[in-house]
Structure formats: structure tokens, C-alpha cells
Amino acid sequence: MNVHENARLTPVGRALMVDRIEQGWSVARAAEAFGVSRRTVGKWLARHRRGGERRLHDRSSAPRRCPRRIPAGVVDQIQALRR
């Protein structure tokens, strides 16, 4: 994924922030140093604790599943009618 040019934290910055907290920094101190809220620090710290470094990367906002998805055949019929 592309990193937004104005993003406060990149995956590398998130890893550095988590490392500093594990070295003894408080959440409040890390939040101030990295220019983010304590809630944001807590979110990334929790993700890291759940899955390690791989959880610090951006992820897609697309839903993982769609239980009421229209069947493919119906979608094809709709597209054909629109053309």
C-alpha cells in the first residue's frame, strides 16, 4: 500500500514507537514524541501484541466477506441489460 504523504506514522515509525514503549516509555510520552494521540498509540500497541510486526502495516478497508452479495449470474444479467 502507498503511504499517505502527510501520515504521522508509517510502518517503520509504528515499529519504533512500539520498541520505545517496550523499552520503558509511557504511552503518553510516546504519543507526544510521535505527534499522535494516546488512543492511536494504544491501538498500534495492541495490534503489535496480537500479531507482532506484521500487524503494524496498513491494511485494506475492503470487507473480508459480503454475506448478501448478489450472485455472479445476476450481476452479469444486470450488466447486459445496462449495455
# chains A, B, ... in the order shown; residues from 1 in each chain; ligands from 1

$ residues_around --residues "stretch 41-53 of chain A" --least-positions-apart "4" --cutoff "7 Å" --atoms "only C-alpha atoms" --output "VMD selection string"
chain A and resid 14 to 15 18 27 31 37

$ closest_residue --among "A:His4, A:Arg83, A:Leu56, A:Met17" --to "A:Gly35" --atoms "only C-alpha atoms"
A:Met17

$ select_by_dssp --residues "stretch 21-83 of chain A" --states "alpha helix (DSSP H)" --output "number ranges by chain"
A: 21-22, 27-34, 38-51, 72-82

$ decode --residues "stretch 9-79 of chain A" --atoms "C-alpha atoms" --output "mmCIF file, in the first residue's frame"
data_model
loop_
_atom_site.group_PDB
_atom_site.id
_atom_site.type_symbol
_atom_site.label_atom_id
_atom_site.label_comp_id
_atom_site.auth_asym_id
_atom_site.auth_seq_id
_atom_site.Cartn_x
_atom_site.Cartn_y
_atom_site.Cartn_z
ATOM 1 C CA LEU A 9 3.144 7.125 11.362
ATOM 2 C CA THR A 10 4.487 4.740 8.759
ATOM 3 C CA PRO A 11 5.012 1.045 9.492
ATOM 4 C CA VAL A 12 8.644 1.846 10.395
ATOM 5 C CA GLY A 13 7.550 4.648 12.721
ATOM 6 C CA ARG A 14 4.953 2.390 14.346
ATOM 7 C CA ALA A 15 7.610 -0.250 14.998
ATOM 8 C CA LEU A 16 9.918 2.377 16.504
ATOM 9 C CA MET A 17 7.103 3.662 18.718
ATOM 10 C CA VAL A 18 6.289 0.137 19.971
ATOM 11 C CA ASP A 19 10.003 -0.523 20.625
ATOM 12 C CA ARG A 20 10.270 2.615 22.720
ATOM 13 C CA ILE A 21 7.235 1.663 24.783
ATOM 14 C CA GLU A 22 8.708 -1.794 25.351
ATOM 15 C CA GLN A 23 11.942 -0.074 26.490
ATOM 16 C CA GLY A 24 10.021 1.728 29.203
ATOM 17 C CA TRP A 25 8.465 4.817 27.646
ATOM 18 C CA SER A 26 4.957 5.621 28.820
ATOM 19 C CA VAL A 27 2.118 5.686 26.307
ATOM 20 C CA ALA A 28 1.650 9.414 26.958
ATOM 21 C CA ARG A 29 5.336 10.158 26.317
ATOM 22 C CA ALA A 30 5.345 8.129 23.099
ATOM 23 C CA ALA A 31 2.159 9.845 21.915
ATOM 24 C CA GLU A 32 3.698 13.265 22.468
ATOM 25 C CA ALA A 33 7.003 12.317 20.841
ATOM 26 C CA PHE A 34 5.350 10.883 17.724
ATOM 27 C CA GLY A 35 2.676 13.568 17.466
ATOM 28 C CA VAL A 36 -0.332 11.275 17.804
ATOM 29 C CA SER A 37 -2.995 10.657 20.437
ATOM 30 C CA ARG A 38 -2.675 8.178 23.288
ATOM 31 C CA ARG A 39 -5.569 6.287 21.741
ATOM 32 C CA THR A 40 -3.604 5.872 18.498
ATOM 33 C CA VAL A 41 -0.563 4.635 20.410
ATOM 34 C CA GLY A 42 -2.761 2.175 22.284
ATOM 35 C CA LYS A 43 -4.279 0.908 19.042
ATOM 36 C CA TRP A 44 -0.894 0.179 17.433
ATOM 37 C CA LEU A 45 0.492 -1.308 20.638
ATOM 38 C CA ALA A 46 -2.491 -3.678 20.911
ATOM 39 C CA ARG A 47 -2.134 -4.712 17.262
ATOM 40 C CA HIS A 48 1.563 -5.405 17.789
ATOM 41 C CA ARG A 49 0.860 -7.506 20.860
ATOM 42 C CA ARG A 50 -1.739 -9.514 18.936
ATOM 43 C CA GLY A 51 0.407 -10.282 15.908
ATOM 44 C CA GLY A 52 3.888 -8.830 16.011
ATOM 45 C CA GLU A 53 5.478 -6.632 13.396
ATOM 46 C CA ARG A 54 3.265 -7.762 10.536
ATOM 47 C CA ARG A 55 0.274 -6.156 12.273
ATOM 48 C CA LEU A 56 1.906 -2.718 12.081
ATOM 49 C CA HIS A 57 1.406 -2.483 8.321
ATOM 50 C CA ASP A 58 -1.536 -0.765 6.690
ATOM 51 C CA ARG A 59 -4.416 -2.998 5.755
ATOM 52 C CA SER A 60 -7.225 -2.780 3.272
ATOM 53 C CA SER A 61 -10.511 -1.252 4.373
ATOM 54 C CA ALA A 62 -12.452 -3.511 1.998
ATOM 55 C CA PRO A 63 -14.705 -6.009 3.770
ATOM 56 C CA ARG A 64 -13.291 -9.513 4.086
ATOM 57 C CA ARG A 65 -16.633 -11.047 3.175
ATOM 58 C CA CYS A 66 -20.067 -9.947 1.993
ATOM 59 C CA PRO A 67 -22.802 -12.348 3.144
ATOM 60 C CA ARG A 68 -25.541 -10.731 0.999
ATOM 61 C CA ARG A 69 -23.530 -10.484 -2.196
ATOM 62 C CA ILE A 70 -25.556 -10.641 -5.391
ATOM 63 C CA PRO A 71 -24.852 -13.886 -7.287
ATOM 64 C CA ALA A 72 -22.451 -13.506 -10.216
ATOM 65 C CA GLY A 73 -25.072 -14.621 -12.733
ATOM 66 C CA VAL A 74 -27.445 -11.856 -11.656
ATOM 67 C CA VAL A 75 -24.646 -9.282 -11.875
ATOM 68 C CA ASP A 76 -23.903 -10.446 -15.432
ATOM 69 C CA GLN A 77 -27.593 -10.090 -16.376
ATOM 70 C CA ILE A 78 -27.754 -6.571 -14.932
ATOM 71 C CA GLN A 79 -24.629 -5.542 -16.815
#
